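What follows is the content of query15.cif, which has mmCIF, C-alpha atoms:
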data_run
loop_
_atom_site.group_PDB
_atom_site.id
_atom_site.type_symbol
_atom_site.label_atom_id
_atom_site.label_comp_id
_atom_site.auth_asym_id
_atom_site.auth_seq_id
_atom_site.Cartn_x
_atom_site.Cartn_y
_atom_site.Cartn_z
ATOM 1 C CA MET A 1 -64.355 -9.543 154.753
ATOM 2 C CA GLU A 2 -64.292 -7.797 158.136
ATOM 3 C CA HIS A 3 -61.021 -9.493 159.140
ATOM 4 C CA LEU A 4 -59.166 -8.093 156.126
ATOM 5 C CA GLN A 5 -56.894 -5.235 157.141
ATOM 6 C CA ALA A 6 -55.855 -2.301 154.986
ATOM 7 C CA GLU A 7 -54.404 1.029 156.037
ATOM 8 C CA ASP A 8 -55.767 3.971 154.084
ATOM 9 C CA LEU A 9 -52.973 6.461 153.376
ATOM 10 C CA GLY A 10 -55.149 8.597 151.130
ATOM 11 C CA PHE A 11 -53.175 7.792 147.987
ATOM 12 C CA ALA A 12 -52.889 4.048 148.710
ATOM 13 C CA ARG A 13 -54.632 1.309 150.677
ATOM 14 C CA VAL A 14 -51.849 -0.828 152.116
ATOM 15 C CA ASP A 15 -52.726 -4.522 152.338
ATOM 16 C CA HIS A 16 -51.635 -5.773 155.766
ATOM 17 C CA ASP A 17 -53.516 -9.049 155.434
ATOM 18 C CA ARG A 18 -51.641 -10.324 152.390
ATOM 19 C CA VAL A 19 -49.174 -12.444 154.350
ATOM 20 C CA ARG A 20 -52.029 -14.421 155.909
ATOM 21 C CA ARG A 21 -53.861 -14.847 152.605
ATOM 22 C CA GLN A 22 -50.972 -15.461 150.251
ATOM 23 C CA GLY A 23 -47.947 -16.292 152.372
ATOM 24 C CA ALA A 24 -46.000 -13.216 151.265
ATOM 25 C CA GLY A 25 -46.386 -9.549 152.051
ATOM 26 C CA GLU A 26 -47.173 -6.689 149.710
ATOM 27 C CA VAL A 27 -44.387 -5.535 147.381
ATOM 28 C CA ILE A 28 -44.297 -1.910 146.235
ATOM 29 C CA TYR A 29 -44.116 -1.160 142.518
ATOM 30 C CA GLY A 30 -41.975 1.969 142.622
ATOM 31 C CA GLU A 31 -42.301 3.247 139.076
ATOM 32 C CA GLY A 32 -44.732 6.162 138.929
ATOM 33 C CA LYS A 33 -44.745 6.669 142.702
ATOM 34 C CA THR A 34 -43.068 9.598 144.437
ATOM 35 C CA ALA A 35 -40.374 9.182 147.062
ATOM 36 C CA ASP A 36 -42.796 10.326 149.762
ATOM 37 C CA GLN A 37 -45.389 7.773 148.664
ATOM 38 C CA ILE A 38 -42.889 4.910 148.634
ATOM 39 C CA ALA A 39 -41.557 5.921 152.052
ATOM 40 C CA ALA A 40 -45.059 6.075 153.521
ATOM 41 C CA ILE A 41 -46.030 2.646 152.170
ATOM 42 C CA MET A 42 -42.765 1.113 153.379
ATOM 43 C CA ALA A 43 -43.357 2.594 156.834
ATOM 44 C CA SER A 44 -46.925 1.262 156.911
ATOM 45 C CA LEU A 45 -45.796 -2.275 156.076
ATOM 46 C CA TRP A 46 -42.871 -2.084 158.498
ATOM 47 C CA LYS A 47 -45.038 -0.858 161.391
ATOM 48 C CA ALA A 48 -47.490 -3.691 160.677
ATOM 49 C CA GLY A 49 -44.704 -6.196 161.288
ATOM 50 C CA GLN A 50 -43.539 -7.022 157.756
ATOM 51 C CA ARG A 51 -39.796 -7.484 158.177
ATOM 52 C CA VAL A 52 -38.818 -7.735 154.514
ATOM 53 C CA VAL A 53 -40.161 -4.864 152.422
ATOM 54 C CA LEU A 54 -39.318 -4.477 148.736
ATOM 55 C CA ALA A 55 -39.908 -1.591 146.375
ATOM 56 C CA THR A 56 -39.182 -2.580 142.773
ATOM 57 C CA ARG A 57 -38.372 -0.420 139.734
ATOM 58 C CA VAL A 58 -36.794 2.377 141.756
ATOM 59 C CA ASP A 59 -33.974 4.348 140.122
ATOM 60 C CA GLY A 60 -30.959 5.456 142.110
ATOM 61 C CA GLU A 61 -31.986 9.087 142.532
ATOM 62 C CA LYS A 62 -35.471 8.191 143.761
ATOM 63 C CA ALA A 63 -33.969 5.620 146.131
ATOM 64 C CA ARG A 64 -31.775 8.316 147.677
ATOM 65 C CA ARG A 65 -34.797 10.585 148.100
ATOM 66 C CA VAL A 66 -36.770 7.779 149.786
ATOM 67 C CA GLN A 67 -33.920 7.196 152.222
ATOM 68 C CA VAL A 68 -33.831 10.924 153.050
ATOM 69 C CA VAL A 69 -37.593 10.941 153.650
ATOM 70 C CA LEU A 70 -37.394 7.871 155.892
ATOM 71 C CA GLU A 71 -34.609 9.441 157.944
ATOM 72 C CA ARG A 72 -36.521 12.715 158.252
ATOM 73 C CA ASN A 73 -39.712 10.944 159.314
ATOM 74 C CA ALA A 74 -37.856 8.842 161.894
ATOM 75 C CA ALA A 75 -36.277 11.954 163.410
ATOM 76 C CA SER A 76 -39.663 13.703 163.581
ATOM 77 C CA ALA A 77 -41.257 10.670 165.234
ATOM 78 C CA GLU A 78 -38.546 10.647 167.921
ATOM 79 C CA VAL A 79 -39.075 14.353 168.660
ATOM 80 C CA ASP A 80 -42.864 13.949 168.780
ATOM 81 C CA GLY A 81 -42.752 10.862 171.011
ATOM 82 C CA ASN A 82 -44.467 8.746 168.367
ATOM 83 C CA PRO A 83 -45.003 5.173 169.677
ATOM 84 C CA PHE A 84 -43.647 3.865 166.376
ATOM 85 C CA ALA A 85 -40.447 5.942 166.639
ATOM 86 C CA LEU A 86 -38.177 2.947 167.262
ATOM 87 C CA GLN A 87 -39.687 1.018 164.366
ATOM 88 C CA LEU A 88 -39.315 3.981 162.023
ATOM 89 C CA ARG A 89 -35.701 4.397 163.103
ATOM 90 C CA SER A 90 -34.977 0.719 162.433
ATOM 91 C CA LEU A 91 -36.578 1.085 158.998
ATOM 92 C CA ALA A 92 -34.565 4.194 158.159
ATOM 93 C CA THR A 93 -31.281 2.581 159.173
ATOM 94 C CA GLY A 94 -32.085 -0.815 157.660
ATOM 95 C CA VAL A 95 -33.106 0.197 154.133
ATOM 96 C CA ARG A 96 -30.608 -0.284 151.315
ATOM 97 C CA TYR A 97 -30.560 0.073 147.549
ATOM 98 C CA LEU A 98 -29.762 -2.830 145.227
ATOM 99 C CA GLU A 99 -28.524 -1.030 142.140
ATOM 100 C CA VAL A 100 -28.574 -3.715 139.442
ATOM 101 C CA PRO A 101 -32.183 -4.926 139.983
ATOM 102 C CA ARG A 102 -33.301 -1.389 140.970
ATOM 103 C CA ILE A 103 -34.815 -2.628 144.229
ATOM 104 C CA LEU A 104 -35.076 -0.688 147.476
ATOM 105 C CA MET A 105 -35.086 -3.219 150.303
ATOM 106 C CA ALA A 106 -35.711 -2.979 154.027
ATOM 107 C CA GLY A 107 -34.766 -5.906 156.229
ATOM 108 C CA GLU A 108 -32.660 -8.981 155.578
ATOM 109 C CA TYR A 109 -33.189 -12.012 153.379
ATOM 110 C CA PRO A 110 -34.864 -14.713 155.486
ATOM 111 C CA PRO A 111 -33.349 -18.197 155.830
ATOM 112 C CA PRO A 112 -34.324 -20.434 152.894
ATOM 113 C CA SER A 113 -37.528 -22.346 153.589
ATOM 114 C CA GLY A 114 -38.283 -23.803 150.151
ATOM 115 C CA ASN A 115 -38.039 -27.395 149.026
ATOM 116 C CA GLY A 116 -34.934 -26.901 146.912
ATOM 117 C CA VAL A 117 -32.874 -24.501 144.830
ATOM 118 C CA VAL A 118 -34.232 -21.845 142.487
ATOM 119 C CA VAL A 119 -31.809 -21.446 139.574
ATOM 120 C CA VAL A 120 -31.789 -18.106 137.765
ATOM 121 C CA ALA A 121 -30.091 -18.314 134.360
ATOM 122 C CA CYS A 122 -29.719 -15.412 131.975
ATOM 123 C CA GLY A 123 -28.521 -15.171 128.412
ATOM 124 C CA GLY A 124 -26.223 -12.172 128.636
ATOM 125 C CA THR A 125 -24.950 -9.403 130.866
ATOM 126 C CA SER A 126 -27.525 -6.993 129.405
ATOM 127 C CA ASP A 127 -30.237 -9.217 130.911
ATOM 128 C CA LEU A 128 -28.820 -8.867 134.439
ATOM 129 C CA PRO A 129 -31.245 -6.189 135.724
ATOM 130 C CA VAL A 130 -34.236 -8.451 135.037
ATOM 131 C CA ALA A 131 -32.439 -11.594 136.205
ATOM 132 C CA GLU A 132 -31.387 -9.915 139.450
ATOM 133 C CA GLU A 133 -34.917 -8.655 140.036
ATOM 134 C CA ALA A 134 -36.057 -12.278 139.833
ATOM 135 C CA ALA A 135 -33.221 -13.583 142.000
ATOM 136 C CA CYS A 136 -33.601 -10.933 144.721
ATOM 137 C CA THR A 137 -37.372 -11.396 144.805
ATOM 138 C CA ALA A 138 -36.974 -15.147 145.233
ATOM 139 C CA GLN A 139 -34.422 -14.665 148.012
ATOM 140 C CA ALA A 140 -36.661 -12.184 149.815
ATOM 141 C CA LEU A 141 -39.423 -14.806 149.753
ATOM 142 C CA GLY A 142 -37.260 -17.428 151.453
ATOM 143 C CA ASN A 143 -35.587 -19.353 148.656
ATOM 144 C CA GLN A 144 -32.060 -20.566 148.071
ATOM 145 C CA VAL A 145 -31.010 -19.050 144.749
ATOM 146 C CA LEU A 146 -28.233 -20.137 142.396
ATOM 147 C CA ARG A 147 -27.265 -17.655 139.698
ATOM 148 C CA LEU A 148 -25.986 -18.826 136.294
ATOM 149 C CA TYR A 149 -25.261 -15.673 134.315
ATOM 150 C CA ASP A 150 -24.054 -15.077 130.758
ATOM 151 C CA VAL A 151 -24.926 -18.599 129.607
ATOM 152 C CA GLY A 152 -26.732 -17.679 126.396
ATOM 153 C CA VAL A 153 -27.112 -19.888 123.363
ATOM 154 C CA ALA A 154 -24.520 -17.950 121.342
ATOM 155 C CA GLY A 155 -21.942 -19.871 123.384
ATOM 156 C CA ILE A 156 -23.990 -22.860 124.421
ATOM 157 C CA HIS A 157 -20.994 -24.654 125.961
ATOM 158 C CA ARG A 158 -21.233 -22.121 128.814
ATOM 159 C CA LEU A 159 -24.707 -23.424 129.654
ATOM 160 C CA LEU A 160 -23.812 -27.098 129.232
ATOM 161 C CA GLU A 161 -21.040 -26.697 131.814
ATOM 162 C CA HIS A 162 -23.829 -26.273 134.376
ATOM 163 C CA GLU A 163 -25.926 -29.301 133.455
ATOM 164 C CA GLN A 164 -25.578 -30.799 136.945
ATOM 165 C CA GLU A 165 -26.795 -27.608 138.658
ATOM 166 C CA LEU A 166 -29.755 -27.451 136.268
ATOM 167 C CA SER A 167 -30.656 -31.089 136.919
ATOM 168 C CA ARG A 168 -30.760 -30.483 140.683
ATOM 169 C CA ALA A 169 -32.944 -27.376 140.511
ATOM 170 C CA GLN A 170 -36.463 -27.363 141.911
ATOM 171 C CA VAL A 171 -37.485 -24.624 139.490
ATOM 172 C CA ILE A 172 -35.544 -22.603 136.898
ATOM 173 C CA ILE A 173 -35.999 -19.014 135.803
ATOM 174 C CA ALA A 174 -34.546 -18.472 132.318
ATOM 175 C CA VAL A 175 -34.092 -14.830 131.323
ATOM 176 C CA ALA A 176 -33.232 -13.835 127.756
ATOM 177 C CA GLY A 177 -33.684 -11.156 125.160
ATOM 178 C CA MET A 178 -32.743 -11.156 121.460
ATOM 179 C CA GLU A 179 -34.371 -14.296 119.989
ATOM 180 C CA GLY A 180 -35.295 -15.725 123.394
ATOM 181 C CA ALA A 181 -34.037 -19.260 122.796
ATOM 182 C CA LEU A 182 -32.542 -19.915 126.238
ATOM 183 C CA PRO A 183 -35.672 -21.276 128.014
ATOM 184 C CA SER A 184 -36.267 -23.886 125.305
ATOM 185 C CA VAL A 185 -32.711 -25.161 125.575
ATOM 186 C CA VAL A 186 -32.830 -25.188 129.381
ATOM 187 C CA ALA A 187 -36.142 -27.061 129.406
ATOM 188 C CA GLY A 188 -34.607 -29.715 127.183
ATOM 189 C CA LEU A 189 -31.898 -30.358 129.782
ATOM 190 C CA THR A 190 -33.922 -30.666 132.988
ATOM 191 C CA LYS A 191 -37.092 -32.073 134.540
ATOM 192 C CA ALA A 192 -37.687 -28.875 136.553
ATOM 193 C CA PRO A 193 -40.386 -26.408 135.528
ATOM 194 C CA VAL A 194 -38.913 -23.483 133.586
ATOM 195 C CA LEU A 195 -40.231 -19.947 133.974
ATOM 196 C CA ALA A 196 -39.279 -17.986 130.874
ATOM 197 C CA VAL A 197 -38.692 -14.241 131.136
ATOM 198 C CA PRO A 198 -38.351 -12.309 127.865
ATOM 199 C CA THR A 199 -36.380 -9.085 128.140
ATOM 200 C CA SER A 200 -36.524 -5.962 126.018
ATOM 201 C CA VAL A 201 -32.835 -6.400 125.125
ATOM 202 C CA GLY A 202 -32.085 -6.638 121.404
ATOM 203 C CA TYR A 203 -31.835 -4.862 118.075
ATOM 204 C CA GLY A 204 -34.727 -3.438 116.057
ATOM 205 C CA ALA A 205 -36.470 -6.634 114.980
ATOM 206 C CA SER A 206 -36.554 -7.823 118.573
ATOM 207 C CA LEU A 207 -39.361 -5.239 118.969
ATOM 208 C CA ASN A 208 -38.482 -4.406 122.587
ATOM 209 C CA GLY A 209 -38.902 -7.986 123.721
ATOM 210 C CA ILE A 210 -41.915 -9.036 121.676
ATOM 211 C CA ALA A 211 -39.805 -11.357 119.505
ATOM 212 C CA ALA A 212 -38.432 -13.103 122.603
ATOM 213 C CA LEU A 213 -41.911 -13.259 124.140
ATOM 214 C CA LEU A 214 -43.377 -14.936 121.053
ATOM 215 C CA ALA A 215 -40.452 -17.354 120.795
ATOM 216 C CA MET A 216 -40.933 -18.419 124.397
ATOM 217 C CA LEU A 217 -44.689 -18.806 123.984
ATOM 218 C CA ASN A 218 -44.004 -20.978 120.946
ATOM 219 C CA SER A 219 -41.371 -23.127 122.656
ATOM 220 C CA CYS A 220 -41.366 -26.744 121.518
ATOM 221 C CA ALA A 221 -39.906 -27.822 124.865
ATOM 222 C CA SER A 222 -42.327 -29.098 127.500
ATOM 223 C CA GLY A 223 -42.541 -27.481 130.908
ATOM 224 C CA VAL A 224 -42.037 -23.849 129.864
ATOM 225 C CA SER A 225 -44.283 -21.112 131.258
ATOM 226 C CA VAL A 226 -43.865 -17.473 130.267
ATOM 227 C CA VAL A 227 -44.239 -14.219 132.180
ATOM 228 C CA ASN A 228 -44.434 -10.724 130.746
ATOM 229 C CA ILE A 229 -41.553 -8.820 129.165
ATOM 230 C CA ASP A 230 -38.966 -7.728 131.776
ATOM 231 C CA ASN A 231 -41.118 -9.143 134.594
ATOM 232 C CA GLY A 232 -38.361 -10.499 136.806
ATOM 233 C CA PHE A 233 -40.462 -9.890 139.899
ATOM 234 C CA GLY A 234 -43.315 -12.024 138.583
ATOM 235 C CA ALA A 235 -40.960 -14.885 137.769
ATOM 236 C CA GLY A 236 -39.269 -14.721 141.175
ATOM 237 C CA TYR A 237 -42.625 -14.749 142.951
ATOM 238 C CA GLN A 238 -43.969 -17.655 140.881
ATOM 239 C CA ALA A 239 -40.766 -19.623 141.391
ATOM 240 C CA SER A 240 -41.163 -19.181 145.138
ATOM 241 C CA LEU A 241 -44.725 -20.482 145.033
ATOM 242 C CA ILE A 242 -43.558 -23.597 143.170
ATOM 243 C CA ASN A 243 -40.612 -24.102 145.516
ATOM 244 C CA HIS A 244 -42.837 -23.911 148.588
ATOM 245 C CA LEU A 245 -45.508 -26.380 147.435
ATOM 246 C CA LYS A 246 -46.204 -28.976 150.100
ATOM 247 C CA GLY A 247 -44.700 -32.351 149.339
ATOM 248 C CA GLY A 248 -42.384 -30.815 146.749
ATOM 249 C CA ALA A 249 -39.091 -31.877 148.333
#
For this file, produce the structure as structure tokens.
Amino acid sequence: MEHLQAEDLGFARVDHDRVRRQGAGEVIYGEGKTADQIAAIMASLWKAGQRVVLATRVDGEKARRVQVVLERNAASAEVDGNPFALQLRSLATGVRYLEVPRILMAGEYPPPSGNGVVVVACGGTSDLPVAEEAACTAQALGNQVLRLYDVGVAGIHRLLEHEQELSRAQVIIAVAGMEGALPSVVAGLTKAPVLAVPTSVGYGASLNGIAALLAMLNSCASGVSVVNIDNGFGAGYQASLINHLKGGA
């Protein structure tokens, strides 16, 4: 274990060895963390050489505060002659907020390196925050992503118009709330593995996504795997793992 590297920030131990072990760097879960904590973790990862840093589940106000903290810290480092001053400045100027998926991102999406296309399909516009979290995560991990949005089963002709794109996908992420039927339909149209993402979108009996979760777990279509409610990040990460399997082209 001596080769494993982690930086102790007092409130967090930042995993700098994750890229070597898992092929992808640490991603920050922003909910419940302060702006100062998120900024410090982002800076730690950036200084360690991670050139795409994501913080998920960050609302707009917190994102603005993080950007202020990063700018303040970069200015202080320049005044103090900190050896990481240039890196902190590049982080402060390179961070941006993706409003729909609520992701704070530093760096640029890398060129696609996967075996094929990751398709992200969602049932309705209300599912977009979760679908975009999945799509942006997959892009940040080096995947070509095709978005098929508002193709829910209430107007199934909208989905069937994209049968060719679905048939060419390497892996499909299907995001839906309400009754959660979309992944079953998609899996019946393609040979690609389908990652089902239930969302908390729906009226009372949807039980904040539990109805969709149970429907997806009970899918009669083969090839459907299910992640947790609203877990777009988990689906995007898993899709990337599938798309980067050796010999998967």
Just say which residues the PyMOL selection byres ((chain A and resi 213) around 9) picks in this file, as a count of residues only.
20
With only C-alpha atoms as the basis for distance, which of A:Ala48, A:Ala74, A:Ala169, A:Ala12 is at the shortest distance from Gly25 (chain A)?
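Comparing A:Ala48, A:Ala74, A:Ala169, A:Ala12 against Gly25 (chain A), the winner is A:Ala48.
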How many Å lie between CA of Lys62 (chain A) and CA of Gln50 (chain A), rounded to one decimal?
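Result for CA of Lys62 (chain A) versus CA of Gln50 (chain A): 22.2 Å, one decimal.
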With the PyMOL selection byres ((chain A and resi 231-245) around 9) as the selection, what would be picked from this file? Answer as a ChimeraX atom specification, please.
/A:56,101,113-118,120,129-139,141-143,170-173,175,193-199,226-230,246-249
If you apply the PyMOL selection byres ((chain A and resi 103) around 6) to this file, what residues do you get, as an mmCIF file with C-alpha atoms, keeping the file's coordinate frame?
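See out.cif below for the written result:
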data_model
loop_
_atom_site.group_PDB
_atom_site.id
_atom_site.type_symbol
_atom_site.label_atom_id
_atom_site.label_comp_id
_atom_site.auth_asym_id
_atom_site.auth_seq_id
_atom_site.Cartn_x
_atom_site.Cartn_y
_atom_site.Cartn_z
ATOM 1 C CA ALA A 55 -39.908 -1.591 146.375
ATOM 2 C CA THR A 56 -39.182 -2.580 142.773
ATOM 3 C CA VAL A 58 -36.794 2.377 141.756
ATOM 4 C CA LEU A 98 -29.762 -2.830 145.227
ATOM 5 C CA PRO A 101 -32.183 -4.926 139.983
ATOM 6 C CA ARG A 102 -33.301 -1.389 140.970
ATOM 7 C CA LEU A 104 -35.076 -0.688 147.476
#
Surrounding residues of Ala140 (chain A) excluding itself and chain neighbours under 4 positions, 9 Å, all atoms listed in the file, as a ChimeraX atom specification
/A:52-54,108-110,135-136
